[in-house]
Each structure stands twice: as structure tokens, then as C-alpha cells.
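What's in input.pdb: PDB, C-alpha atoms and all ligand atoms
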ATOM      1  CA  MET A   1     221.823 288.187  56.053  1.00  0.00           C
ATOM      2  CA  THR A   2     219.411 285.261  56.211  1.00  0.00           C
ATOM      3  CA  SER A   3     219.635 282.490  53.657  1.00  0.00           C
ATOM      4  CA  THR A   4     216.707 281.274  51.560  1.00  0.00           C
ATOM      5  CA  PRO A   5     214.881 278.388  53.286  1.00  0.00           C
ATOM      6  CA  THR A   6     214.829 274.947  51.653  1.00  0.00           C
ATOM      7  CA  LEU A   7     212.022 272.432  51.392  1.00  0.00           C
ATOM      8  CA  ILE A   8     213.309 268.904  50.836  1.00  0.00           C
ATOM      9  CA  GLY A   9     211.043 266.400  49.102  1.00  0.00           C
ATOM     10  CA  THR A  10     209.471 265.578  45.769  1.00  0.00           C
ATOM     11  CA  PRO A  11     206.084 267.227  45.097  1.00  0.00           C
ATOM     12  CA  VAL A  12     204.770 263.756  44.208  1.00  0.00           C
ATOM     13  CA  SER A  13     204.208 263.464  47.977  1.00  0.00           C
ATOM     14  CA  PRO A  14     200.902 264.954  49.194  1.00  0.00           C
ATOM     15  CA  PHE A  15     202.647 265.944  52.436  1.00  0.00           C
ATOM     16  CA  VAL A  16     205.125 268.003  50.414  1.00  0.00           C
ATOM     17  CA  ARG A  17     202.294 269.481  48.342  1.00  0.00           C
ATOM     18  CA  LYS A  18     200.371 270.427  51.510  1.00  0.00           C
ATOM     19  CA  THR A  19     203.434 272.349  52.685  1.00  0.00           C
ATOM     20  CA  MET A  20     203.936 273.928  49.245  1.00  0.00           C
ATOM     21  CA  ALA A  21     200.308 275.094  49.261  1.00  0.00           C
ATOM     22  CA  VAL A  22     200.828 276.874  52.593  1.00  0.00           C
ATOM     23  CA  LEU A  23     204.097 278.393  51.327  1.00  0.00           C
ATOM     24  CA  ALA A  24     202.317 279.620  48.187  1.00  0.00           C
ATOM     25  CA  LEU A  25     199.391 281.108  50.143  1.00  0.00           C
ATOM     26  CA  LYS A  26     201.855 282.940  52.373  1.00  0.00           C
ATOM     27  CA  ARG A  27     204.054 283.931  49.418  1.00  0.00           C
ATOM     28  CA  VAL A  28     207.229 282.583  51.009  1.00  0.00           C
ATOM     29  CA  ASP A  29     210.429 282.397  48.927  1.00  0.00           C
ATOM     30  CA  TYR A  30     212.145 279.018  49.233  1.00  0.00           C
ATOM     31  CA  LEU A  31     214.254 276.522  47.323  1.00  0.00           C
ATOM     32  CA  ILE A  32     213.071 272.983  46.691  1.00  0.00           C
ATOM     33  CA  ASP A  33     215.304 269.925  46.767  1.00  0.00           C
ATOM     34  CA  PRO A  34     212.938 267.375  45.198  1.00  0.00           C
ATOM     35  CA  ILE A  35     214.421 264.136  46.512  1.00  0.00           C
ATOM     36  CA  VAL A  36     212.636 260.784  46.636  1.00  0.00           C
ATOM     37  CA  PRO A  37     212.839 259.601  50.273  1.00  0.00           C
ATOM     38  CA  PHE A  38     213.615 255.955  49.472  1.00  0.00           C
ATOM     39  CA  LEU A  39     216.732 257.105  47.610  1.00  0.00           C
ATOM     40  CA  GLY A  40     217.895 259.666  50.203  1.00  0.00           C
ATOM     41  CA  ASN A  41     221.538 259.521  51.365  1.00  0.00           C
ATOM     42  CA  ASP A  42     223.042 259.600  54.899  1.00  0.00           C
ATOM     43  CA  ARG A  43     222.656 263.393  55.074  1.00  0.00           C
ATOM     44  CA  PHE A  44     218.923 262.958  54.444  1.00  0.00           C
ATOM     45  CA  GLY A  45     218.756 260.462  57.343  1.00  0.00           C
ATOM     46  CA  GLU A  46     220.423 263.023  59.630  1.00  0.00           C
ATOM     47  CA  LEU A  47     217.907 265.732  58.682  1.00  0.00           C
ATOM     48  CA  SER A  48     214.891 263.396  58.742  1.00  0.00           C
ATOM     49  CA  PRO A  49     215.413 260.609  61.304  1.00  0.00           C
ATOM     50  CA  LEU A  50     212.187 258.890  60.174  1.00  0.00           C
ATOM     51  CA  ARG A  51     213.454 259.242  56.574  1.00  0.00           C
ATOM     52  CA  ARG A  52     210.224 260.983  55.563  1.00  0.00           C
ATOM     53  CA  ILE A  53     209.548 264.036  53.447  1.00  0.00           C
ATOM     54  CA  PRO A  54     209.001 266.974  53.653  1.00  0.00           C
ATOM     55  CA  VAL A  55     211.899 268.492  55.574  1.00  0.00           C
ATOM     56  CA  TRP A  56     212.115 272.246  56.172  1.00  0.00           C
ATOM     57  CA  LEU A  57     215.467 273.978  56.695  1.00  0.00           C
ATOM     58  CA  ASP A  58     215.964 277.623  57.605  1.00  0.00           C
ATOM     59  CA  ASP A  59     218.339 279.652  59.762  1.00  0.00           C
ATOM     60  CA  GLN A  60     216.355 278.739  62.893  1.00  0.00           C
ATOM     61  CA  VAL A  61     215.100 275.163  62.577  1.00  0.00           C
ATOM     62  CA  THR A  62     215.207 271.801  60.838  1.00  0.00           C
ATOM     63  CA  LEU A  63     211.728 270.227  60.833  1.00  0.00           C
ATOM     64  CA  ALA A  64     210.729 266.847  59.394  1.00  0.00           C
ATOM     65  CA  ASP A  65     206.935 266.732  59.549  1.00  0.00           C
ATOM     66  CA  SER A  66     204.453 268.571  57.325  1.00  0.00           C
ATOM     67  CA  THR A  67     202.049 269.497  60.136  1.00  0.00           C
ATOM     68  CA  VAL A  68     204.850 270.878  62.304  1.00  0.00           C
ATOM     69  CA  ILE A  69     206.252 272.796  59.311  1.00  0.00           C
ATOM     70  CA  CYS A  70     202.839 274.296  58.452  1.00  0.00           C
ATOM     71  CA  GLU A  71     202.228 275.311  62.085  1.00  0.00           C
ATOM     72  CA  TYR A  72     205.664 276.941  62.164  1.00  0.00           C
ATOM     73  CA  LEU A  73     204.890 278.827  58.945  1.00  0.00           C
ATOM     74  CA  GLU A  74     201.544 279.939  60.400  1.00  0.00           C
ATOM     75  CA  GLU A  75     203.212 281.237  63.573  1.00  0.00           C
ATOM     76  CA  THR A  76     206.170 282.919  61.883  1.00  0.00           C
ATOM     77  CA  ARG A  77     204.179 284.333  58.946  1.00  0.00           C
ATOM     78  CA  PRO A  78     200.668 284.905  60.334  1.00  0.00           C
ATOM     79  CA  ASN A  79     199.377 286.910  57.335  1.00  0.00           C
ATOM     80  CA  PRO A  80     197.510 285.654  55.458  1.00  0.00           C
ATOM     81  CA  ALA A  81     196.323 283.041  57.961  1.00  0.00           C
ATOM     82  CA  VAL A  82     195.612 279.554  56.668  1.00  0.00           C
ATOM     83  CA  LEU A  83     193.670 278.515  59.772  1.00  0.00           C
ATOM     84  CA  PRO A  84     190.290 280.093  60.634  1.00  0.00           C
ATOM     85  CA  ALA A  85     190.056 282.574  63.532  1.00  0.00           C
ATOM     86  CA  SER A  86     187.730 280.866  66.037  1.00  0.00           C
ATOM     87  CA  PRO A  87     188.986 278.035  68.269  1.00  0.00           C
ATOM     88  CA  ALA A  88     186.174 275.695  67.131  1.00  0.00           C
ATOM     89  CA  GLU A  89     186.827 276.289  63.440  1.00  0.00           C
ATOM     90  CA  ARG A  90     190.579 275.991  63.969  1.00  0.00           C
ATOM     91  CA  ALA A  91     190.074 272.678  65.736  1.00  0.00           C
ATOM     92  CA  ALA A  92     187.779 271.450  62.928  1.00  0.00           C
ATOM     93  CA  ALA A  93     190.401 272.404  60.329  1.00  0.00           C
ATOM     94  CA  ARG A  94     193.121 270.638  62.314  1.00  0.00           C
ATOM     95  CA  TRP A  95     190.951 267.534  62.590  1.00  0.00           C
ATOM     96  CA  LEU A  96     190.471 267.426  58.803  1.00  0.00           C
ATOM     97  CA  GLU A  97     194.243 267.764  58.418  1.00  0.00           C
ATOM     98  CA  ALA A  98     194.821 264.934  60.910  1.00  0.00           C
ATOM     99  CA  PHE A  99     192.250 262.719  59.161  1.00  0.00           C
ATOM    100  CA  ALA A 100     193.831 263.403  55.767  1.00  0.00           C
ATOM    101  CA  ASP A 101     197.347 262.776  57.100  1.00  0.00           C
ATOM    102  CA  THR A 102     196.358 259.430  58.631  1.00  0.00           C
ATOM    103  CA  ARG A 103     193.389 257.527  57.159  1.00  0.00           C
ATOM    104  CA  LEU A 104     193.201 259.249  53.757  1.00  0.00           C
ATOM    105  CA  ALA A 105     196.982 258.957  53.364  1.00  0.00           C
ATOM    106  CA  ASP A 106     196.919 255.317  54.446  1.00  0.00           C
ATOM    107  CA  VAL A 107     194.410 254.438  51.729  1.00  0.00           C
ATOM    108  CA  LEU A 108     195.632 256.716  48.926  1.00  0.00           C
ATOM    109  CA  ILE A 109     199.394 256.510  49.452  1.00  0.00           C
ATOM    110  CA  TRP A 110     200.045 253.116  50.968  1.00  0.00           C
ATOM    111  CA  ARG A 111     197.180 250.946  49.698  1.00  0.00           C
ATOM    112  CA  LEU A 112     196.819 252.574  46.265  1.00  0.00           C
ATOM    113  CA  PHE A 113     199.819 254.653  45.081  1.00  0.00           C
ATOM    114  CA  ASN A 114     202.327 252.325  46.730  1.00  0.00           C
ATOM    115  CA  LYS A 115     200.819 249.265  45.023  1.00  0.00           C
ATOM    116  CA  ALA A 116     200.209 250.970  41.664  1.00  0.00           C
ATOM    117  CA  VAL A 117     203.409 253.038  41.328  1.00  0.00           C
ATOM    118  CA  ILE A 118     206.088 252.668  44.047  1.00  0.00           C
ATOM    119  CA  GLU A 119     206.302 248.876  44.378  1.00  0.00           C
ATOM    120  CA  PRO A 120     206.460 248.216  40.608  1.00  0.00           C
ATOM    121  CA  GLY A 121     208.261 251.452  39.664  1.00  0.00           C
ATOM    122  CA  VAL A 122     210.845 251.788  42.463  1.00  0.00           C
ATOM    123  CA  TRP A 123     211.270 248.239  43.740  1.00  0.00           C
ATOM    124  CA  GLY A 124     210.535 246.300  40.536  1.00  0.00           C
ATOM    125  CA  ALA A 125     207.761 244.221  42.127  1.00  0.00           C
ATOM    126  CA  GLU A 126     204.826 242.867  40.170  1.00  0.00           C
ATOM    127  CA  ARG A 127     201.840 245.231  40.227  1.00  0.00           C
ATOM    128  CA  ASP A 128     199.301 243.803  42.733  1.00  0.00           C
ATOM    129  CA  LYS A 129     196.098 244.485  40.816  1.00  0.00           C
ATOM    130  CA  ALA A 130     193.856 242.743  43.376  1.00  0.00           C
ATOM    131  CA  ALA A 131     195.167 244.973  46.180  1.00  0.00           C
ATOM    132  CA  ILE A 132     194.671 248.055  44.006  1.00  0.00           C
ATOM    133  CA  GLN A 133     191.113 247.000  43.197  1.00  0.00           C
ATOM    134  CA  ARG A 134     190.406 246.349  46.899  1.00  0.00           C
ATOM    135  CA  ALA A 135     191.657 249.800  47.849  1.00  0.00           C
ATOM    136  CA  ILE A 136     189.488 251.496  45.213  1.00  0.00           C
ATOM    137  CA  ALA A 137     186.328 249.455  45.756  1.00  0.00           C
ATOM    138  CA  HIS A 138     186.469 248.799  49.504  1.00  0.00           C
ATOM    139  CA  ASP A 139     188.795 251.150  51.382  1.00  0.00           C
ATOM    140  CA  LEU A 140     188.399 254.464  49.588  1.00  0.00           C
ATOM    141  CA  PRO A 141     184.586 255.016  49.446  1.00  0.00           C
ATOM    142  CA  PRO A 142     183.999 255.304  53.238  1.00  0.00           C
ATOM    143  CA  VAL A 143     186.911 257.743  53.544  1.00  0.00           C
ATOM    144  CA  LEU A 144     185.533 259.966  50.778  1.00  0.00           C
ATOM    145  CA  ASP A 145     181.984 259.615  52.193  1.00  0.00           C
ATOM    146  CA  TYR A 146     183.240 260.880  55.548  1.00  0.00           C
ATOM    147  CA  LEU A 147     184.963 263.871  53.922  1.00  0.00           C
ATOM    148  CA  GLU A 148     181.821 264.619  51.876  1.00  0.00           C
ATOM    149  CA  SER A 149     179.711 264.555  55.035  1.00  0.00           C
TER     150      SER A 149
HETATM  151  N1  LIG B 201     203.723 262.657  59.217  1.00  0.00           N
HETATM  152  C1  LIG B 201     204.599 262.934  58.092  1.00  0.00           C
HETATM  153  C2  LIG B 201     204.349 261.902  57.014  1.00  0.00           C
HETATM  154  C3  LIG B 201     205.250 262.131  55.801  1.00  0.00           C
HETATM  155  C4  LIG B 201     205.311 260.898  54.888  1.00  0.00           C
HETATM  156  O1  LIG B 201     204.818 259.799  55.207  1.00  0.00           O
HETATM  157  N2  LIG B 201     205.952 261.093  53.732  1.00  0.00           N
HETATM  158  C5  LIG B 201     206.149 259.981  52.815  1.00  0.00           C
HETATM  159  C6  LIG B 201     205.996 260.452  51.379  1.00  0.00           C
HETATM  160  S1  LIG B 201     204.320 260.754  50.950  1.00  0.00           S
HETATM  161  C7  LIG B 201     207.565 259.459  52.957  1.00  0.00           C
HETATM  162  O2  LIG B 201     208.484 260.221  53.112  1.00  0.00           O
HETATM  163  N3  LIG B 201     207.720 258.135  52.912  1.00  0.00           N
HETATM  164  C8  LIG B 201     208.998 257.518  52.945  1.00  0.00           C
HETATM  165  C9  LIG B 201     208.996 256.234  53.720  1.00  0.00           C
HETATM  166  O3  LIG B 201     207.949 255.881  54.294  1.00  0.00           O
HETATM  167  O4  LIG B 201     210.065 255.597  53.762  1.00  0.00           O
HETATM  168  C10 LIG B 201     204.350 264.355  57.585  1.00  0.00           C
HETATM  169  O5  LIG B 201     203.227 264.860  57.752  1.00  0.00           O
HETATM  170  O6  LIG B 201     205.292 264.980  57.080  1.00  0.00           O
END
In C-alpha cells, write the structure found in this file.
Ligand SMILES: N[C@@H](CCC(=O)N[C@@H](CS)C(=O)NCC(=O)O)C(=O)O
Amino acid sequence: MTSTPTLIGTPVSPFVRKTMAVLALKRVDYLIDPIVPFLGNDRFGELSPLRRIPVWLDDQVTLADSTVICEYLEETRPNPAVLPASPAERAAARWLEAFADTRLADVLIWRLFNKAVIEPGVWGAERDKAAIQRAIAHDLPPVLDYLES
């Protein structure tokens, strides 16, 4: 008998939510262990050597990257597909994913959410309003313009 897979990571993370969206589209049964990565214990460090979420655990694999997890889900559960059929459209979809995982995440998670929520809420630092304003006014518009285009 196979055990129910587990997704480790709080849905506050967009990388966890990306993986949850693919799991929902594919109607996969799984358990969620909604940990906050900064507070993860030694066991978390063993499962996720970069100490990042999400982590996927099933009878076959332990994976600690959302893109790798989603590709694994696509290959092991091909219907319904989340990627388009043609190579060009698949590549375009993968590029949007890569852009979102890097530049969009850098601005939204690290420059904005980190300054507005994590630093004051988790680490007790003073909220850096100038940095937040800079991210909203300067860093975010070109990223959203590119996605709109
Ligand atoms: N490339 C990774 C990035 C995951 C990532 O950066 N997750 C953040 C939460 S949004 C995290 O775990 N951060 C913890 C840390 O940086 O210590 C993926 O796609 O899974």
C-alpha cells in the first residue's frame, strides 16, 4: 500500500501555492505540513538542504524545489496536463514560470513581503517603510509591465 504524499510548507509562500495549484488541477490527494521555513527543525534541514519550502515527500522521492516538484507531478500524473502541448508553448510557459520564480519573487517576496511582514513580524525589526515604498514605486512596475506585455 502506498502512503499519502506530504507537501511541507506554509501556503503563505507563493512557491507552495504554485505547487498546491498544480496538485488541485490534477486532483492529487496529499497532506500538508504548513511549516514556516525560518522556524524549521533539524529534520527540515535534512529534507530541504537549502532550508526552503515547498518540500514534496512520497514513496519514491523527496524533492525540495517547486519547479522540480511540479515537473514530477506533470510526468507522473499527465492528465490533465498543466503545460501546453507544443514545444514552443511549453517553453513559453516555462519561461513565465522561471521569470516569476526569479525576478517577480525577488521583488514581491524579498523586497516587499520580507520588509513589510517577515522582518518586523518574525525577526522583530523595525518596518523599513522607505524600502517598501521603493519596491512598490520603482521595482514592481517594470516587472508587471513585462508580464502584461
Ligand atoms: N527555488 C525554490 C524557491 C523556494 C523559496 O525561496 N521559498 C521561500 C519561501 S517563499 C523559503 O523557503 N525561504 C526560506 C529562506 O530563504 O530561508 C522553489 O521554487 O521551491
Practice prompt. Have a look at A:Asn79, A:Ser149, A:Gln133, A:Thr19 and name the one nearest to ligand LIG 201 (chain B); count only C-alpha atoms and all ligand atoms.
Written response: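 So, comparing all the options, the nearest one is A:Thr19.
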Sort by chain and increasing residue number a table of all residues of chain A within 7 Å of ligand LIG 201 (chain B), each with its closest pair of atoms and their distance in Å to one decimal, counting all atoms listed in the file, and write it as a tab-separated table.
residue	atom	partner	partner_atom	distance
A:Ser13	CA	B:LIG201	S1	4.0
A:Pro14	CA	B:LIG201	S1	5.7
A:Phe15	CA	B:LIG201	O6	5.4
A:Pro37	CA	B:LIG201	C8	5.1
A:Phe38	CA	B:LIG201	O4	5.6
A:Arg51	CA	B:LIG201	O4	5.7
A:Arg52	CA	B:LIG201	O2	3.1
A:Ile53	CA	B:LIG201	O2	4.0
A:Pro54	CA	B:LIG201	O6	5.4
A:Ala64	CA	B:LIG201	O6	6.2
A:Asp65	CA	B:LIG201	O6	3.4
A:Ser66	CA	B:LIG201	O6	3.7
A:Thr67	CA	B:LIG201	O5	5.3
A:Asp101	CA	B:LIG201	O5	6.3
A:Ile109	CA	B:LIG201	S1	6.7
Worksheet item: What's the 10 Å shell around Asp29 (chain A), counting only C-alpha atoms, without same-chain residues fewer than 2 positions away, as JSON, numbers by chain?
Response: {"A": [4, 5, 6, 23, 24, 26, 27, 31]}
Item to complete: For the file shown, report as an MDAnalysis selection string the outcome of the PyMOL selection byres (((chain A and resi 34) around 6) and not hetatm) at residue level.
Response: chainID A and resid 8:10 32:33 35
For the residues in that selection, give me C-alpha atoms as a PDB file, in the coordinates of the input.
ATOM      1  CA  ILE A   8     213.309 268.904  50.836  1.00  0.00           C
ATOM      2  CA  GLY A   9     211.043 266.400  49.102  1.00  0.00           C
ATOM      3  CA  THR A  10     209.471 265.578  45.769  1.00  0.00           C
ATOM      4  CA  ILE A  32     213.071 272.983  46.691  1.00  0.00           C
ATOM      5  CA  ASP A  33     215.304 269.925  46.767  1.00  0.00           C
ATOM      6  CA  ILE A  35     214.421 264.136  46.512  1.00  0.00           C
TER       7      ILE A  35
END
Fill in: Hits of the PyMOL selection byres (((chain A and resi 80) around 10) and not hetatm) in this structure, as a list in words
Val22, Leu25, Lys26, Arg27, Glu74, Arg77, Pro78, Asn79, Ala81, Val82 and Leu83 of chain A
Worksheet item: Quick one: residues within 12 Å of Val117 (chain A), only C-alpha atoms counted, chain neighbours fewer than 4 positions away excluded, as a PyMOL selection string?
Response: chain A and resi 12+108-113+121-129+132
Worksheet entry | Å distance separating CA of Leu63 (chain A) from CA of Pro84 (chain A), one decimal place | 23.6 Å
Worksheet item: Taking into account only C-alpha atoms, which residue in the set A:Leu7, A:Leu96, A:Glu148, A:Arg103 is nearest to Thr62 (chain A)?
Response: A:Leu7
Worksheet entry | d(CA of Glu46 (chain A), CA of Val16 (chain A)) in Å | 18.5 Å
Worksheet item: Mind pulling up the distance from CA of Lys115 (chain A) to CA of Met20 (chain A)?
Response: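 So the answer is 25.2 Å.
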Exactly which residues make up the result of the PyMOL selection byres (((chain A and resi 140) around 10) and not hetatm) on this file, given as a PDB file with C-alpha atoms, in the coordinates of the input?
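Produced file part11.pdb, reproduced below:
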ATOM      1  CA  ARG A 103     193.389 257.527  57.159  1.00  0.00           C
ATOM      2  CA  LEU A 104     193.201 259.249  53.757  1.00  0.00           C
ATOM      3  CA  ASP A 106     196.919 255.317  54.446  1.00  0.00           C
ATOM      4  CA  VAL A 107     194.410 254.438  51.729  1.00  0.00           C
ATOM      5  CA  LEU A 108     195.632 256.716  48.926  1.00  0.00           C
ATOM      6  CA  ARG A 111     197.180 250.946  49.698  1.00  0.00           C
ATOM      7  CA  LEU A 112     196.819 252.574  46.265  1.00  0.00           C
ATOM      8  CA  ARG A 134     190.406 246.349  46.899  1.00  0.00           C
ATOM      9  CA  ALA A 135     191.657 249.800  47.849  1.00  0.00           C
ATOM     10  CA  ILE A 136     189.488 251.496  45.213  1.00  0.00           C
ATOM     11  CA  ALA A 137     186.328 249.455  45.756  1.00  0.00           C
ATOM     12  CA  HIS A 138     186.469 248.799  49.504  1.00  0.00           C
ATOM     13  CA  ASP A 139     188.795 251.150  51.382  1.00  0.00           C
ATOM     14  CA  PRO A 141     184.586 255.016  49.446  1.00  0.00           C
ATOM     15  CA  PRO A 142     183.999 255.304  53.238  1.00  0.00           C
ATOM     16  CA  VAL A 143     186.911 257.743  53.544  1.00  0.00           C
ATOM     17  CA  LEU A 144     185.533 259.966  50.778  1.00  0.00           C
ATOM     18  CA  ASP A 145     181.984 259.615  52.193  1.00  0.00           C
TER      19      ASP A 145
END
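For the choices A:Ala91, A:Gly40, A:Ala100, A:Asp58, the atom-to-atom distance to Thr76 (chain A) is smallest for A:Asp58 when using all atoms listed in the file.
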Edge lengths and centre, in Å to one decimal, as lines of an AutoDock Vina configuration file: that's what I need for the box along x, y and z that holds all listed atoms of region 106-118 of chain A plus 5 Å on each side.
center_x = 200.2
center_y = 253.0
center_z = 47.9
size_x = 21.7
size_y = 17.5
size_z = 23.1
Discussion item. Let me make sure I understand: among A:Ala131, A:Ser3, A:Glu119, A:Ala88, which one has the smallest atom-to-atom distance to Leu57 (chain A) if we use all atoms listed in the file?
Written reply: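 Ranked by minimum distance to Leu57 (chain A), first place goes to A:Ser3.
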